[in-house]
>>> print(open('model_16.cif').read())   # mmCIF, C-alpha atoms and all ligand atoms
data_start
#
loop_
_atom_site.label_atom_id
_atom_site.label_comp_id
_atom_site.auth_asym_id
_atom_site.auth_seq_id
_atom_site.Cartn_x
_atom_site.Cartn_y
_atom_site.Cartn_z
CA MET A 13 4.75 8.83 2.85
CA GLY A 14 7.40 9.01 5.61
CA ASP A 15 5.53 6.66 7.88
CA PHE A 16 8.38 4.58 9.26
CA HIS A 17 9.58 6.42 12.37
CA GLU A 18 10.74 3.18 13.93
CA GLY A 19 12.65 2.22 10.81
CA PRO A 20 16.39 2.15 10.44
CA ARG A 21 18.20 5.41 11.08
CA ARG A 22 21.32 6.93 9.53
CA LEU A 23 21.87 4.12 7.11
CA GLY A 24 21.45 6.16 3.98
CA GLY A 25 19.94 4.54 0.95
CA GLY A 26 20.34 0.88 0.22
CA ARG A 27 19.38 -2.36 1.87
CA ALA A 28 17.73 -2.08 5.28
CA CYS A 29 15.50 -4.27 7.39
CA CYS A 30 11.83 -3.81 8.11
CA ALA A 31 11.31 -2.77 11.73
CA TYR A 32 8.15 -4.87 11.86
CA CYS A 33 8.97 -8.20 10.24
CA GLY A 34 12.76 -8.05 9.91
CA LEU A 35 12.87 -8.87 6.21
CA PRO A 36 15.28 -6.97 3.96
CA VAL A 37 13.86 -3.91 2.20
CA ASP A 38 15.25 -1.25 -0.14
CA ARG A 39 15.48 2.16 1.52
CA VAL A 40 15.18 4.70 -1.28
CA ALA A 41 15.10 8.51 -1.31
CA THR A 42 12.01 10.14 -2.74
CA LEU A 43 11.70 13.34 -4.75
CA GLU A 44 9.92 14.79 -1.70
CA HIS A 45 13.15 14.60 0.34
CA ASP A 46 11.84 11.69 2.31
CA TRP A 47 12.58 7.99 2.39
CA VAL A 48 10.45 5.05 1.43
CA LEU A 49 10.98 1.36 2.14
CA LEU A 50 10.39 -0.56 -1.06
CA GLU A 51 9.88 -4.29 -1.55
CA PRO A 52 13.15 -5.57 -3.03
CA ASP A 53 13.59 -7.55 -6.22
CA MET A 54 10.15 -7.09 -7.70
CA GLU A 55 8.62 -4.72 -10.23
CA PRO A 56 4.96 -5.50 -10.87
CA LEU A 57 3.12 -3.99 -13.80
CA ALA A 58 1.85 -0.55 -12.75
CA HIS A 59 -1.73 -1.23 -13.76
CA ILE A 60 -2.11 -4.04 -11.22
CA VAL A 61 -1.00 -1.72 -8.38
CA PRO A 62 -3.45 0.80 -6.86
CA ALA A 63 -2.87 4.28 -8.27
CA GLU A 64 -1.36 6.01 -5.23
CA HIS A 65 1.06 3.16 -4.57
CA ARG A 66 3.05 2.97 -7.80
CA TRP A 67 6.64 4.07 -7.27
CA ILE A 68 8.99 4.59 -10.18
CA GLU A 69 12.66 5.45 -10.26
CA VAL A 70 13.77 8.72 -11.83
CA SER A 71 17.11 9.33 -13.50
CA ASP A 72 19.05 10.17 -10.31
CA GLY A 73 17.95 7.01 -8.53
CA ARG A 74 15.30 8.60 -6.36
CA VAL A 75 11.71 7.44 -6.61
CA THR A 76 8.37 9.16 -6.95
CA VAL A 77 4.76 8.09 -7.22
CA TYR A 78 3.96 7.28 -10.86
CA GLY A 79 1.30 9.76 -11.82
CA VAL A 80 0.26 8.60 -15.30
CA CYS A 81 -3.30 7.35 -15.15
CA PRO A 82 -4.22 5.02 -16.69
CA PRO A 83 -0.69 3.63 -16.64
CA VAL A 84 1.23 2.84 -19.79
CA GLN A 85 0.53 -0.80 -20.66
CA ASP A 86 3.98 -2.23 -19.97
CA GLN A 87 5.11 0.27 -17.32
CA ARG A 88 6.52 -1.46 -14.27
CA CYS A 89 6.77 0.00 -10.79
CA ARG A 90 7.97 -0.63 -7.26
CA ILE A 91 5.71 -1.08 -4.26
CA GLU A 92 6.20 -0.14 -0.63
CA HIS A 93 7.19 -3.01 1.60
CA ARG A 94 4.37 -2.14 4.00
CA LEU A 95 1.90 -3.36 1.36
CA ALA A 96 3.64 -6.74 1.41
CA CYS A 97 4.62 -6.86 5.10
CA SER A 98 2.96 -9.66 7.02
CA ALA A 99 3.52 -7.80 10.30
CA GLN A 100 1.66 -4.60 9.36
CA PRO A 101 -2.03 -4.02 8.63
CA LEU A 102 -2.84 -3.49 4.98
CA PRO A 103 -3.62 0.18 4.26
CA ASP A 104 -6.75 1.30 2.44
CA LEU A 105 -5.66 0.39 -1.09
CA TRP A 106 -8.92 0.87 -2.93
CA PRO A 107 -10.87 3.71 -1.22
CA TRP A 108 -13.94 3.28 -3.42
CA LEU A 109 -14.15 -0.38 -2.45
CA THR A 110 -13.88 0.53 1.23
CA ILE A 111 -16.77 2.98 0.76
CA LEU A 112 -18.79 0.26 -0.97
CA ARG A 113 -18.07 -2.22 1.83
CA THR A 114 -19.11 0.34 4.45
CA GLU A 115 -22.32 1.06 2.57
CA ASN A 116 -23.05 -2.65 2.21
CA GLY A 117 -22.51 -3.03 5.95
CA ARG A 118 -25.23 -0.42 6.50
CA ARG A 119 -27.52 -2.30 4.09
CA VAL A 120 -27.00 -5.51 6.07
CA GLU A 121 -27.91 -3.67 9.28
CA ARG A 122 -31.05 -2.22 7.69
CA ARG A 123 -32.10 -5.67 6.45
CA ALA A 124 -31.53 -7.13 9.92
CA ASP A 125 -33.69 -4.36 11.40
CA SER A 126 -36.55 -5.07 8.99
CA ALA A 127 -36.33 -8.88 9.18
CA GLN A 128 -38.07 -9.35 12.51
CA GLU A 129 -39.72 -12.58 11.39
CA TRP A 130 -36.40 -14.39 11.24
CA PRO A 131 -36.16 -17.20 13.83
CA ASP A 132 -33.71 -16.55 16.63
CA ALA A 133 -30.61 -18.59 15.85
CA GLY A 134 -29.49 -18.27 19.51
ZN ZN A 201 7.95 -5.96 7.09
#
>>> encode(input="model_16.cif", output="structure tokens", more="lines below")
Ligand SMILES: [Zn+2]
Amino acid sequence: MGDFHEGPRRLGGGRACCAYCGLPVDRVATLEHDWVLLEPDMEPLAHIVPAEHRWIEVSDGRVTVYGVCPPVQDQRCRIEHRLACSAQPLPDLWPWLTILRTENGRRVERRADSAQEWPDAG
């Protein structure tokens, strides 16, 4: 979770800027003695956020990944800025969908191999 080596240093918690896009982010301590850059000013419902990416604040102001699954209906959460950052590639949010896409890619290749009668579009 500490994947922001090029991020701001020695600023402590609070408002910082994304090293990739420059937009303001919230730099928050985690229960794992690390830091996470959270998207400011938004708290989506937890159930619309992929399970490993739901951050919630605990009583001392630090954050941790919300582990209740399925989430409580009206539970809100924070998300990492990197999920919303236009300057960073989107991580693998739904692993089972990525597996399905990979498998479908193989199916397409197999169909192409067995469809020799198709006219050459060249
Ligand atoms: Zn950014």
>>> closest_atom_pairs(input="model_16.cif", of="chain A", to="ligand ZN 201 (chain A)", cutoff="8 Å", atoms="all atoms listed in the file", output="Markdown table")
| residue | atom | partner | partner_atom | distance |
| --- | --- | --- | --- | --- |
| A:Cys29 | CA | A:ZN201 | ZN | 7.7 |
| A:Cys30 | CA | A:ZN201 | ZN | 4.6 |
| A:Ala31 | CA | A:ZN201 | ZN | 6.6 |
| A:Tyr32 | CA | A:ZN201 | ZN | 4.9 |
| A:Cys33 | CA | A:ZN201 | ZN | 4.0 |
| A:Gly34 | CA | A:ZN201 | ZN | 6.0 |
| A:Leu35 | CA | A:ZN201 | ZN | 5.8 |
| A:Val37 | CA | A:ZN201 | ZN | 7.9 |
| A:His93 | CA | A:ZN201 | ZN | 6.3 |
| A:Arg94 | CA | A:ZN201 | ZN | 6.1 |
| A:Ala96 | CA | A:ZN201 | ZN | 7.2 |
| A:Cys97 | CA | A:ZN201 | ZN | 4.0 |
| A:Ser98 | CA | A:ZN201 | ZN | 6.2 |
| A:Ala99 | CA | A:ZN201 | ZN | 5.8 |
| A:Gln100 | CA | A:ZN201 | ZN | 6.8 |
>>> residues_around(input="model_16.cif", residues="region 48-56 of chain A", least_positions_apart="2", cutoff="12 Å", atoms="only C-alpha atoms", output="ChimeraX atom specification")
/A:13-20,24-32,35-46,58-62,65-69,74-77,85-97
>>> atom_distance(input="model_16.cif", atom1="CA of Leu57 (chain A)", atom2="CA of Tyr78 (chain A)")
11.7 Å
>>> atom_distance(input="model_16.cif", atom1="CA of Glu121 (chain A)", atom2="CA of Trp108 (chain A)")
20.1 Å
>>> atom_distance(input="model_16.cif", atom1="CA of Glu64 (chain A)", atom2="CA of Arg118 (chain A)")
27.4 Å
